[in-house]
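This is final_0.cif (mmCIF, N, CA and C atoms).
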```cif
data_structure
#
loop_
_atom_site.label_atom_id
_atom_site.label_comp_id
_atom_site.auth_asym_id
_atom_site.auth_seq_id
_atom_site.Cartn_x
_atom_site.Cartn_y
_atom_site.Cartn_z
N MET A 1 -19.71 94.90 81.63
CA MET A 1 -19.18 94.06 80.59
C MET A 1 -17.79 94.54 80.18
N ARG A 2 -17.61 95.86 80.16
CA ARG A 2 -16.32 96.42 79.79
C ARG A 2 -15.25 96.01 80.81
N TYR A 3 -15.58 95.99 82.09
CA TYR A 3 -14.61 95.61 83.12
C TYR A 3 -14.24 94.15 83.01
N LEU A 4 -15.18 93.32 82.62
CA LEU A 4 -14.91 91.90 82.44
C LEU A 4 -13.91 91.71 81.28
N ARG A 5 -14.09 92.47 80.22
CA ARG A 5 -13.16 92.40 79.08
C ARG A 5 -11.77 92.86 79.51
N TYR A 6 -11.69 93.95 80.26
CA TYR A 6 -10.39 94.44 80.73
C TYR A 6 -9.73 93.42 81.66
N ALA A 7 -10.50 92.79 82.52
CA ALA A 7 -9.95 91.78 83.43
C ALA A 7 -9.40 90.60 82.63
N PHE A 8 -10.16 90.16 81.63
CA PHE A 8 -9.70 89.04 80.80
C PHE A 8 -8.42 89.40 80.06
N LEU A 9 -8.36 90.59 79.47
CA LEU A 9 -7.16 91.01 78.76
C LEU A 9 -5.97 91.16 79.70
N GLY A 10 -6.22 91.62 80.93
CA GLY A 10 -5.14 91.74 81.91
C GLY A 10 -4.58 90.38 82.30
N VAL A 11 -5.47 89.42 82.56
CA VAL A 11 -5.02 88.06 82.91
C VAL A 11 -4.27 87.44 81.74
N LEU A 12 -4.78 87.62 80.52
CA LEU A 12 -4.11 87.09 79.34
C LEU A 12 -2.73 87.72 79.17
N GLY A 13 -2.63 89.03 79.39
CA GLY A 13 -1.34 89.71 79.28
C GLY A 13 -0.34 89.20 80.31
N ILE A 14 -0.80 88.99 81.54
CA ILE A 14 0.09 88.48 82.59
C ILE A 14 0.57 87.07 82.23
N CYS A 15 -0.33 86.25 81.71
CA CYS A 15 0.06 84.89 81.30
C CYS A 15 1.09 84.92 80.17
N LEU A 16 0.89 85.79 79.19
CA LEU A 16 1.83 85.86 78.08
C LEU A 16 3.19 86.40 78.52
N ILE A 17 3.21 87.37 79.41
CA ILE A 17 4.48 87.91 79.91
C ILE A 17 5.20 86.85 80.73
N THR A 18 4.46 86.09 81.55
CA THR A 18 5.07 85.01 82.34
C THR A 18 5.66 83.95 81.42
N LEU A 19 4.93 83.59 80.36
CA LEU A 19 5.42 82.61 79.39
C LEU A 19 6.69 83.12 78.71
N ALA A 20 6.69 84.40 78.35
CA ALA A 20 7.86 84.97 77.69
C ALA A 20 9.07 84.98 78.61
N LEU A 21 8.87 85.34 79.88
CA LEU A 21 9.98 85.38 80.83
C LEU A 21 10.52 83.99 81.14
N ALA A 22 9.66 82.99 81.12
CA ALA A 22 10.08 81.62 81.43
C ALA A 22 10.79 80.97 80.24
N ASN A 23 10.61 81.49 79.04
CA ASN A 23 11.18 80.86 77.83
C ASN A 23 12.06 81.84 77.06
N ARG A 24 13.06 82.40 77.75
CA ARG A 24 13.95 83.37 77.11
C ARG A 24 15.16 82.72 76.46
N ALA A 25 15.35 81.45 76.64
CA ALA A 25 16.54 80.78 76.12
C ALA A 25 16.56 80.85 74.59
N PRO A 26 17.73 81.09 74.02
CA PRO A 26 17.80 81.17 72.55
C PRO A 26 17.72 79.78 71.92
N VAL A 27 17.01 79.70 70.81
CA VAL A 27 16.93 78.47 70.03
C VAL A 27 17.31 78.81 68.59
N THR A 28 17.86 77.82 67.90
CA THR A 28 18.27 78.02 66.52
C THR A 28 17.27 77.32 65.60
N LEU A 29 16.73 78.09 64.69
CA LEU A 29 15.81 77.55 63.70
C LEU A 29 16.54 77.39 62.38
N ARG A 30 16.43 76.20 61.79
CA ARG A 30 17.07 75.94 60.50
C ARG A 30 16.01 75.59 59.47
N ILE A 31 16.29 75.94 58.23
CA ILE A 31 15.37 75.61 57.13
C ILE A 31 15.41 74.11 56.87
N LEU A 32 16.58 73.52 56.86
CA LEU A 32 16.76 72.10 56.58
C LEU A 32 17.55 71.45 57.72
N PRO A 33 17.41 70.15 57.91
CA PRO A 33 18.28 69.46 58.88
C PRO A 33 19.75 69.64 58.49
N GLU A 34 20.66 69.53 59.46
CA GLU A 34 22.08 69.83 59.23
C GLU A 34 22.67 68.98 58.12
N ASP A 35 22.40 67.68 58.10
CA ASP A 35 22.99 66.81 57.07
C ASP A 35 22.47 67.18 55.69
N LEU A 36 21.17 67.42 55.57
CA LEU A 36 20.59 67.78 54.29
C LEU A 36 21.05 69.17 53.84
N ALA A 37 21.20 70.09 54.80
CA ALA A 37 21.68 71.43 54.48
C ALA A 37 23.12 71.39 53.97
N ALA A 38 23.96 70.52 54.56
CA ALA A 38 25.34 70.40 54.10
C ALA A 38 25.38 69.79 52.70
N PHE A 39 24.52 68.83 52.43
CA PHE A 39 24.47 68.20 51.11
C PHE A 39 23.97 69.18 50.05
N ALA A 40 22.93 69.98 50.39
CA ALA A 40 22.33 70.92 49.44
C ALA A 40 23.10 72.24 49.37
N GLY A 41 23.92 72.50 50.35
CA GLY A 41 24.67 73.76 50.36
C GLY A 41 23.83 74.93 50.87
N LEU A 42 22.72 74.67 51.54
CA LEU A 42 21.87 75.71 52.11
C LEU A 42 21.86 75.56 53.62
N SER A 43 22.62 76.36 54.29
CA SER A 43 22.62 76.29 55.74
C SER A 43 22.09 77.60 56.31
N VAL A 44 20.82 77.89 56.05
CA VAL A 44 20.19 79.10 56.55
C VAL A 44 19.63 78.81 57.94
N SER A 45 20.02 79.62 58.90
CA SER A 45 19.51 79.44 60.26
C SER A 45 19.39 80.80 60.93
N VAL A 46 18.55 80.85 61.95
CA VAL A 46 18.35 82.08 62.72
C VAL A 46 18.20 81.69 64.18
N THR A 47 18.74 82.50 65.07
CA THR A 47 18.67 82.24 66.51
C THR A 47 17.73 83.27 67.13
N LEU A 48 16.69 82.77 67.80
CA LEU A 48 15.66 83.61 68.42
C LEU A 48 15.35 83.10 69.82
N PRO A 49 14.81 83.94 70.68
CA PRO A 49 14.32 83.45 71.96
C PRO A 49 13.13 82.50 71.74
N LEU A 50 12.99 81.52 72.60
CA LEU A 50 11.95 80.52 72.42
C LEU A 50 10.55 81.13 72.45
N PHE A 51 10.31 82.15 73.27
CA PHE A 51 8.96 82.73 73.33
C PHE A 51 8.58 83.40 72.02
N VAL A 52 9.55 83.93 71.28
CA VAL A 52 9.25 84.51 69.97
C VAL A 52 8.78 83.42 69.01
N VAL A 53 9.43 82.27 69.07
CA VAL A 53 9.04 81.15 68.22
C VAL A 53 7.63 80.68 68.59
N ILE A 54 7.33 80.60 69.87
CA ILE A 54 6.00 80.16 70.33
C ILE A 54 4.94 81.16 69.87
N PHE A 55 5.17 82.45 70.10
CA PHE A 55 4.18 83.46 69.71
C PHE A 55 4.01 83.53 68.20
N ALA A 56 5.10 83.37 67.45
CA ALA A 56 5.00 83.37 65.99
C ALA A 56 4.21 82.15 65.51
N GLY A 57 4.39 81.03 66.16
CA GLY A 57 3.63 79.84 65.80
C GLY A 57 2.14 80.02 66.06
N ILE A 58 1.81 80.62 67.19
CA ILE A 58 0.41 80.89 67.50
C ILE A 58 -0.19 81.87 66.48
N ALA A 59 0.55 82.95 66.19
CA ALA A 59 0.06 83.94 65.23
C ALA A 59 -0.08 83.33 63.83
N GLY A 60 0.88 82.51 63.43
CA GLY A 60 0.80 81.86 62.12
C GLY A 60 -0.39 80.90 62.04
N GLY A 61 -0.64 80.17 63.11
CA GLY A 61 -1.78 79.26 63.14
C GLY A 61 -3.10 80.00 63.06
N LEU A 62 -3.19 81.11 63.77
CA LEU A 62 -4.41 81.92 63.70
C LEU A 62 -4.62 82.48 62.30
N LEU A 63 -3.55 82.96 61.69
CA LEU A 63 -3.64 83.52 60.34
C LEU A 63 -4.08 82.46 59.33
N ILE A 64 -3.48 81.29 59.41
CA ILE A 64 -3.88 80.20 58.51
C ILE A 64 -5.34 79.82 58.74
N GLY A 65 -5.77 79.76 60.00
CA GLY A 65 -7.16 79.43 60.31
C GLY A 65 -8.13 80.47 59.78
N PHE A 66 -7.80 81.75 59.93
CA PHE A 66 -8.69 82.80 59.43
C PHE A 66 -8.80 82.76 57.91
N VAL A 67 -7.69 82.58 57.22
CA VAL A 67 -7.71 82.51 55.76
C VAL A 67 -8.49 81.28 55.30
N TRP A 68 -8.26 80.15 55.95
CA TRP A 68 -8.98 78.92 55.60
C TRP A 68 -10.49 79.11 55.75
N GLU A 69 -10.89 79.70 56.85
CA GLU A 69 -12.32 79.92 57.10
C GLU A 69 -12.91 80.92 56.11
N TRP A 70 -12.16 81.97 55.77
CA TRP A 70 -12.63 82.95 54.80
C TRP A 70 -12.85 82.29 53.44
N LEU A 71 -11.92 81.43 53.03
CA LEU A 71 -12.07 80.72 51.77
C LEU A 71 -13.24 79.73 51.82
N ARG A 72 -13.43 79.07 52.96
CA ARG A 72 -14.51 78.09 53.10
C ARG A 72 -15.88 78.75 53.03
N GLU A 73 -15.99 79.96 53.53
CA GLU A 73 -17.28 80.65 53.56
C GLU A 73 -17.55 81.46 52.31
N HIS A 74 -16.71 81.35 51.29
CA HIS A 74 -16.91 82.11 50.05
C HIS A 74 -18.26 81.82 49.42
N LYS A 75 -18.68 80.56 49.41
CA LYS A 75 -19.95 80.23 48.76
C LYS A 75 -21.13 80.88 49.48
N HIS A 76 -21.04 81.02 50.79
CA HIS A 76 -22.12 81.67 51.54
C HIS A 76 -22.18 83.17 51.24
N ARG A 77 -21.00 83.81 51.16
CA ARG A 77 -20.97 85.23 50.82
C ARG A 77 -21.46 85.47 49.40
N ALA A 78 -21.09 84.59 48.48
CA ALA A 78 -21.53 84.74 47.09
C ALA A 78 -23.05 84.58 46.99
N GLU A 79 -23.61 83.62 47.71
CA GLU A 79 -25.07 83.41 47.70
C GLU A 79 -25.79 84.62 48.30
N ALA A 80 -25.27 85.16 49.39
CA ALA A 80 -25.88 86.34 50.01
C ALA A 80 -25.83 87.54 49.07
N SER A 81 -24.73 87.70 48.37
CA SER A 81 -24.61 88.79 47.41
C SER A 81 -25.61 88.64 46.27
N ALA A 82 -25.77 87.42 45.77
CA ALA A 82 -26.73 87.18 44.69
C ALA A 82 -28.15 87.45 45.16
N GLN A 83 -28.47 87.04 46.37
CA GLN A 83 -29.81 87.29 46.91
C GLN A 83 -30.05 88.78 47.13
N ARG A 84 -29.03 89.51 47.55
CA ARG A 84 -29.18 90.95 47.75
C ARG A 84 -29.43 91.65 46.40
N ARG A 85 -28.70 91.23 45.36
CA ARG A 85 -28.94 91.80 44.03
C ARG A 85 -30.35 91.48 43.54
N GLU A 86 -30.82 90.26 43.75
CA GLU A 86 -32.16 89.88 43.33
C GLU A 86 -33.22 90.68 44.09
N LYS A 87 -32.99 90.88 45.39
CA LYS A 87 -33.93 91.67 46.19
C LYS A 87 -34.01 93.10 45.68
N ASP A 88 -32.85 93.69 45.37
CA ASP A 88 -32.83 95.06 44.85
C ASP A 88 -33.54 95.14 43.49
N ARG A 89 -33.32 94.15 42.64
CA ARG A 89 -33.97 94.14 41.33
C ARG A 89 -35.49 94.04 41.48
N LEU A 90 -35.94 93.17 42.38
CA LEU A 90 -37.39 93.01 42.60
C LEU A 90 -37.99 94.26 43.23
N ALA A 91 -37.25 94.91 44.12
CA ALA A 91 -37.76 96.15 44.73
C ALA A 91 -37.92 97.24 43.68
N ARG A 92 -36.96 97.34 42.76
CA ARG A 92 -37.08 98.33 41.68
C ARG A 92 -38.27 98.01 40.78
N GLU A 93 -38.50 96.72 40.52
CA GLU A 93 -39.62 96.33 39.67
C GLU A 93 -40.96 96.64 40.34
N VAL A 94 -41.06 96.37 41.64
CA VAL A 94 -42.29 96.68 42.38
C VAL A 94 -42.54 98.18 42.38
N LYS A 95 -41.50 98.97 42.59
CA LYS A 95 -41.65 100.42 42.57
C LYS A 95 -42.11 100.91 41.21
N ARG A 96 -41.56 100.33 40.14
CA ARG A 96 -41.95 100.71 38.79
C ARG A 96 -43.40 100.32 38.51
N LEU A 97 -43.83 99.17 39.00
CA LEU A 97 -45.21 98.73 38.75
C LEU A 97 -46.22 99.51 39.56
N LYS A 98 -45.83 100.03 40.72
CA LYS A 98 -46.75 100.80 41.55
C LYS A 98 -46.98 102.19 40.99
N GLN A 99 -46.05 102.72 40.22
CA GLN A 99 -46.22 104.05 39.64
C GLN A 99 -47.14 103.94 38.42
N PRO A 100 -48.14 104.81 38.34
CA PRO A 100 -49.03 104.73 37.17
C PRO A 100 -48.29 105.17 35.91
N ALA A 101 -48.69 104.56 34.82
CA ALA A 101 -48.08 104.93 33.54
C ALA A 101 -48.53 106.33 33.17
N LYS A 102 -47.68 107.09 32.49
CA LYS A 102 -47.99 108.48 32.19
C LYS A 102 -49.07 108.61 31.12
N ASP A 103 -49.08 107.71 30.15
CA ASP A 103 -50.07 107.83 29.08
C ASP A 103 -51.30 106.96 29.32
N ALA A 104 -51.29 106.12 30.32
CA ALA A 104 -52.45 105.28 30.61
C ALA A 104 -53.45 106.07 31.45
N LYS A 105 -54.74 105.94 31.12
CA LYS A 105 -55.78 106.65 31.87
C LYS A 105 -56.45 105.69 32.83
N ASP A 106 -57.07 106.26 33.81
CA ASP A 106 -57.85 105.48 34.75
C ASP A 106 -59.04 104.86 34.00
N ASP A 107 -59.42 103.64 34.31
CA ASP A 107 -60.52 102.95 33.63
C ASP A 107 -61.84 103.70 33.78
N VAL A 108 -62.10 104.23 34.95
CA VAL A 108 -63.35 104.94 35.19
C VAL A 108 -63.40 106.21 34.35
N LEU A 109 -62.29 106.94 34.30
CA LEU A 109 -62.25 108.15 33.49
C LEU A 109 -62.42 107.83 32.02
N ALA A 110 -61.84 106.73 31.57
CA ALA A 110 -61.98 106.34 30.18
C ALA A 110 -63.44 106.04 29.85
N LEU A 111 -64.17 105.38 30.74
CA LEU A 111 -65.58 105.05 30.53
C LEU A 111 -66.42 106.33 30.50
N LEU A 112 -66.11 107.27 31.40
CA LEU A 112 -66.85 108.52 31.42
C LEU A 112 -66.62 109.32 30.14
N GLU A 113 -65.40 109.33 29.66
CA GLU A 113 -65.12 110.06 28.42
C GLU A 113 -65.81 109.40 27.23
N GLU A 114 -65.89 108.11 27.23
CA GLU A 114 -66.60 107.42 26.14
C GLU A 114 -68.08 107.74 26.18
N ALA A 115 -68.63 107.81 27.40
CA ALA A 115 -70.06 108.11 27.54
C ALA A 115 -70.35 109.52 27.05
N GLU A 116 -69.46 110.45 27.35
CA GLU A 116 -69.67 111.84 26.91
C GLU A 116 -69.51 111.96 25.41
N ALA A 117 -68.59 111.23 24.87
CA ALA A 117 -68.38 111.29 23.42
C ALA A 117 -69.57 110.68 22.67
N ALA A 118 -70.23 109.74 23.28
CA ALA A 118 -71.39 109.10 22.64
C ALA A 118 -72.58 110.01 22.63
N ARG A 119 -72.71 111.00 23.46
CA ARG A 119 -73.85 111.91 23.54
C ARG A 119 -73.86 112.83 22.44
#
```

Please rewrite the model in this file as structure tokens.
Amino acid sequence: MRYLRYAFLGVLGICLITLALANRAPVTLRILPEDLAAFAGLSVSVTLPLFVVIFAGIAGGLLIGFVWEWLREHKHRAEASAQRREKDRLAREVKRLKQPAKDAKDDVLALLEEAEAAR
């Protein structure tokens, strides 16, 4: 199984390196379109290789997906936590009920003591 994982990671690495080598051309990323940037006075831009933009897009999409899923599953985690607390509370109660009370006597012993006291 370990070799299969290494083979998969190797193939994935070769594919990513090939993609990066094929897309080395620089691209300019702008915050706003040129006309709107000139009107607003904000002409912020950055020039990066295309593969960096592709990989950043993939990483950003994965991050957004993970956060979205984590938020979506909050109700399930909260329910599991509440059930775990309830289980612990019930376990403590069962343990307390199984231990005999310190001042309570056994019923049989109480009957025997009453019989002796009556003599």

Within 12 Å of Pro33 in chain A, counting only C-alpha atoms, which residues show up once you throw out same-chain ones fewer than 5 positions away? Write them as a list in words, please.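 My reading of the contact set: Thr28, Ala38, Phe39, Ala40, Gly41, Leu42, Ser43, Val44 and Ser45 of chain A.
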
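With CA of Ala22 in chain A on one side and CA of Phe51 in chain A on the other, the separation reads 8.3 Å.
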
What separation in Å, quoted to one decimal, exists between atom C of His74 in chain A and CA of Glu86 in chain A? 17.2 Å

Residues near Leu48 in chain A, anyone? I mean within 7 Å using all atoms listed in the file, not counting same-chain ones fewer than 2 positions away, as a ChimeraX atom specification. /A:24-29,46,50-53

What are the DSSP helix (DSSP H, G or I) residues of chain A, as number ranges by chain? A: 2-22, 34-40, 50-72, 74-98, 107-118

Atomic distance atom C of Leu90 in chain A - CA of Ala78 in chain A, expressed in Å with one decimal: 19.4 Å

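Of the listed residues (A:Gly61, A:Glu113, A:Glu79, A:Ile54), A:Ile54 comes nearest to Leu19 in chain A; the distances count only C-alpha atoms.
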